[in-house]
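Below is one structure, written out as C-alpha cells; the observations come after it.
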Amino acid sequence: MKNRIVLLGPPASGKGTQASLLGAVFGIPHVSTGAIVRDERAKGTPIGVEADSYASRGLLFPDELALRFVGQWLGTHSRFIFDGFPRTIGQAVALNSLLEAKSIGLQTVYLLELPDDVVRIRMLGRLTCSNCGAVFSEKFHKLSVGEPCPKCDGLLARRQDDTLEALDQRLAQYHEFTKPISDYYEAAGLLKKVDVRFGRDAVFQLLYNDLYNDLRADS
C-alpha cells in the first residue's frame with residue numbers, strides 16, 4: 001500500500017478534508033505546514049510568528065522556512081499524507097532529498113482540480129476553528145462566525161487570509177508556483193488528477209478505492 005502521499009490543489013479544493021479522512025481510515029499521519037504553523041504560533045515560538053507573518057497576508061512560506069518545518073517532522077515519521085506541500089518546485093526537489101536521506105521515496109501525488117470561480121465561492125464561505133484548526137463551510141455545515149466548533153467547542157472565525165484580496169493573491173501564487181509542480185510529478189510517473197467539483201464524499205470514495213486497490217494488491 002502507498003504510505004507516502006502528497007495532495008496538491010488550489011485553496012478550498014478539500015486537501016485537508018481528504019487527507020484527514022484518508023489518514024483516519026488507513027492509519028497514515030496527516031500533516032500540513034499550516035497545522036504545524038498553528039501549533040508553533042500557539043506556543044509563541046519565533047518560527048511560528050515568522051511563518052504567520054506570511055500566512056496572514058496570503059503569501060507562500062519561503063522554501064527555507066517550509067523545509068525547516070517539514071524536515072523536523074520527517075525526523076520522526078516515515079509514513080505521511082502531506083496536505084498542500086510541497087508548493088514550489090524548489091520544495092519538491094528538497095523533499096525528494098529529505099526522503100532519499102531516509103532511504104524512502106514519495107509514492108503517489110493526487111492533484112485536486114477546482115476552477116477558480118468555485119474556489120472563490122468556497123473560500124469566502126469558509127470558517128476555521130480558532131482552537132483545533134478544523135475547517136467548515138457556512139453553507140454546507142450551516143454554521144456562522146462565533147458559533148462553537150462541532151469538534152472541540154472552540155470559536156469559529158474567518159482566517160486572516162480568507163479575504164478576497166488575500167485569496168486572489170493565493171490563487172495567483174498557486175498558478176505561478178504550485179501548479180507547475182504537477183508537470184514535475186507527472187514526468188516522474190507519480191501524478192493522478194482528480195476533479196473535485198463533485199463533492200467531498202465522491203472524491204473520498206475515488207481516493208479510497210485507489211488506495212484500497214493498492215492495499216489488496218500488496219496483500
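By convention in this document, the chains of the C-alpha cells carry letters A, B, ... by their order, each chain's residues are numbered from 1, and ligands are numbered from 1 in the order they are shown.
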Non-local contacts of Phe26 (chain A) (12 Å; only C-alpha atoms; under 6 positions in same chain excluded) as a tab-separated table (two decimals) with C-alpha atoms, in the first residue's frame:
```tsv
chain	number	residue	atom	x	y	z
A	1	MET	CA	0.00	0.00	0.00
A	2	LYS	CA	1.10	3.58	-0.64
A	3	ASN	CA	2.14	5.21	2.65
A	4	ARG	CA	3.84	8.38	1.37
A	5	ILE	CA	1.30	10.59	-0.36
A	18	GLN	CA	-9.43	14.37	2.23
A	19	ALA	CA	-6.08	13.99	3.99
A	20	SER	CA	-7.86	13.74	7.36
A	79	ARG	CA	4.63	7.47	6.58
A	80	PHE	CA	2.59	10.55	5.73
A	81	ILE	CA	-0.12	12.31	3.79
A	207	LEU	CA	-9.22	8.22	-3.43
A	208	TYR	CA	-10.20	5.45	-1.04
A	209	ASN	CA	-10.75	3.00	-3.90
A	211	LEU	CA	-5.51	3.28	-2.16
A	212	TYR	CA	-7.62	0.26	-1.20
A	214	ASP	CA	-3.14	-0.84	-3.78
A	215	LEU	CA	-3.65	-2.44	-0.37
```
Among region 44-144 of chain A, which residues does DSSP mark as helix (DSSP H, G or I) when it is run on the backbone? Keep the chain and numbering as in the structure and answer as a PyMOL selection string.
chain A and resi 46-55+63-74+89-101+116-124+138-141
Can you list, as a ChimeraX atom specification, every protein, DNA or RNA residue that comes within 7 Å of region 155-158 of chain A when you count only C-alpha atoms, leaving out same-chain residues fewer than 4 positions away? /A:126-130,145-149,162
Output N, CA and C atoms for every residue in the selection just made, as an mmCIF file, in the first residue's frame.
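Wrote it out as out.cif, contents follow:
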```
data_model
loop_
_atom_site.group_PDB
_atom_site.id
_atom_site.type_symbol
_atom_site.label_atom_id
_atom_site.label_comp_id
_atom_site.auth_asym_id
_atom_site.auth_seq_id
_atom_site.Cartn_x
_atom_site.Cartn_y
_atom_site.Cartn_z
ATOM 1 N N ARG A 126 -15.831 30.030 4.134
ATOM 2 C CA ARG A 126 -15.107 29.065 4.966
ATOM 3 C C ARG A 126 -14.924 29.589 6.390
ATOM 4 N N LEU A 127 -15.111 28.699 7.373
ATOM 5 C CA LEU A 127 -14.902 29.026 8.778
ATOM 6 C C LEU A 127 -13.867 28.078 9.361
ATOM 7 N N THR A 128 -13.016 28.607 10.238
ATOM 8 C CA THR A 128 -11.953 27.804 10.843
ATOM 9 C C THR A 128 -12.034 27.909 12.358
ATOM 10 N N CYS A 129 -11.863 26.790 13.038
ATOM 11 C CA CYS A 129 -11.875 26.793 14.499
ATOM 12 C C CYS A 129 -10.594 27.452 15.014
ATOM 13 N N SER A 130 -10.752 28.423 15.906
ATOM 14 C CA SER A 130 -9.591 29.127 16.456
ATOM 15 C C SER A 130 -8.805 28.268 17.438
ATOM 16 N N VAL A 145 -19.943 32.576 11.977
ATOM 17 C CA VAL A 145 -18.841 33.121 12.767
ATOM 18 C C VAL A 145 -19.281 33.272 14.221
ATOM 19 N N GLY A 146 -18.427 32.843 15.152
ATOM 20 C CA GLY A 146 -18.718 32.980 16.571
ATOM 21 C C GLY A 146 -19.404 31.786 17.195
ATOM 22 N N GLU A 147 -19.906 30.858 16.373
ATOM 23 C CA GLU A 147 -20.526 29.652 16.918
ATOM 24 C C GLU A 147 -19.450 28.677 17.383
ATOM 25 N N PRO A 148 -19.807 27.736 18.268
ATOM 26 C CA PRO A 148 -18.817 26.766 18.750
ATOM 27 C C PRO A 148 -18.461 25.726 17.692
ATOM 28 N N CYS A 149 -17.220 25.329 17.690
ATOM 29 C CA CYS A 149 -16.752 24.282 16.777
ATOM 30 C C CYS A 149 -17.409 22.955 17.127
ATOM 31 N N ASP A 162 -8.537 34.678 4.559
ATOM 32 C CA ASP A 162 -9.763 34.370 3.821
ATOM 33 C C ASP A 162 -10.508 35.658 3.464
#
```
field: Shell of 9 Å around Thr178 (chain A), only C-alpha atoms, local chain residues under 2 positions omitted, as a list in words
entry: Leu8, Gly9, Pro10, Pro86, Arg87, Thr88, Ile89, Gln173, Tyr174, His175, Glu176, Pro180, Ile181 and Ser182 of chain A
Among A:Gly44, A:His30, A:Leu171, A:Leu99, Pro115 (chain A) is approached most closely, using only C-alpha atoms, by A:Leu171
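The nearest approach to Ser137 (chain A) among the residues A:Arg170, A:Arg57, A:Arg200, A:Arg38, with only C-alpha atoms taken into account, belongs to A:Arg200.
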In region 157-219 of chain A, DSSP strand (DSSP E or B) residues written as a VMD selection string
chain A and resid 157 191 to 195
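CA of Thr163 (chain A) is positioned 19.3 Å from CA of Lys15 (chain A).
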* Just give me the gap between CA of Pro62 (chain A) and CA of Asn131 (chain A) in Å, one decimal is fine. =>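 One can read the CA of Pro62 (chain A) to CA of Asn131 (chain A) distance as 25.6 Å.
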**Prompt:** Can you list, as a ChimeraX atom specification, every protein, DNA or RNA residue that comes within 12 Å of Arg122 (chain A) when you count only C-alpha atoms, leaving out same-chain residues fewer than 2 positions away?
**Reply:** /A:10-14,114-120,124-127,135-140,162-164,167,197,199
Write to file, as a short mmCIF file (atom, residue, chain, number, x, y, z; two decimals), in the first residue's frame, the residues of the selection just made, with C-alpha atoms.
```
data_model
loop_
_atom_site.label_atom_id
_atom_site.label_comp_id
_atom_site.auth_asym_id
_atom_site.auth_seq_id
_atom_site.Cartn_x
_atom_site.Cartn_y
_atom_site.Cartn_z
CA PRO A 10 -5.77 25.25 -5.08
CA PRO A 11 -7.20 26.78 -1.88
CA ALA A 12 -10.54 25.24 -0.82
CA SER A 13 -10.09 22.16 -3.02
CA GLY A 14 -10.52 19.92 0.04
CA LEU A 114 -11.10 23.01 -8.97
CA PRO A 115 -11.94 26.07 -11.16
CA ASP A 116 -11.03 29.49 -9.76
CA ASP A 117 -14.64 30.70 -9.60
CA VAL A 118 -15.61 27.75 -7.41
CA VAL A 119 -12.53 28.30 -5.24
CA ARG A 120 -13.67 31.89 -4.55
CA LEU A 124 -15.35 33.24 1.16
CA GLY A 125 -17.77 30.92 2.98
CA ARG A 126 -15.11 29.06 4.97
CA LEU A 127 -14.90 29.03 8.78
CA VAL A 135 -12.42 23.85 8.71
CA PHE A 136 -16.14 24.11 7.97
CA SER A 137 -18.39 25.58 5.28
CA GLU A 138 -21.03 28.16 6.22
CA LYS A 139 -23.37 26.79 3.57
CA PHE A 140 -22.69 23.04 3.82
CA ASP A 162 -9.76 34.37 3.82
CA THR A 163 -10.41 37.76 2.22
CA LEU A 164 -10.96 38.45 -1.47
CA LEU A 167 -7.49 34.92 -1.96
CA ARG A 197 -16.35 19.56 -8.20
CA GLY A 199 -18.16 16.97 -3.64
#
```
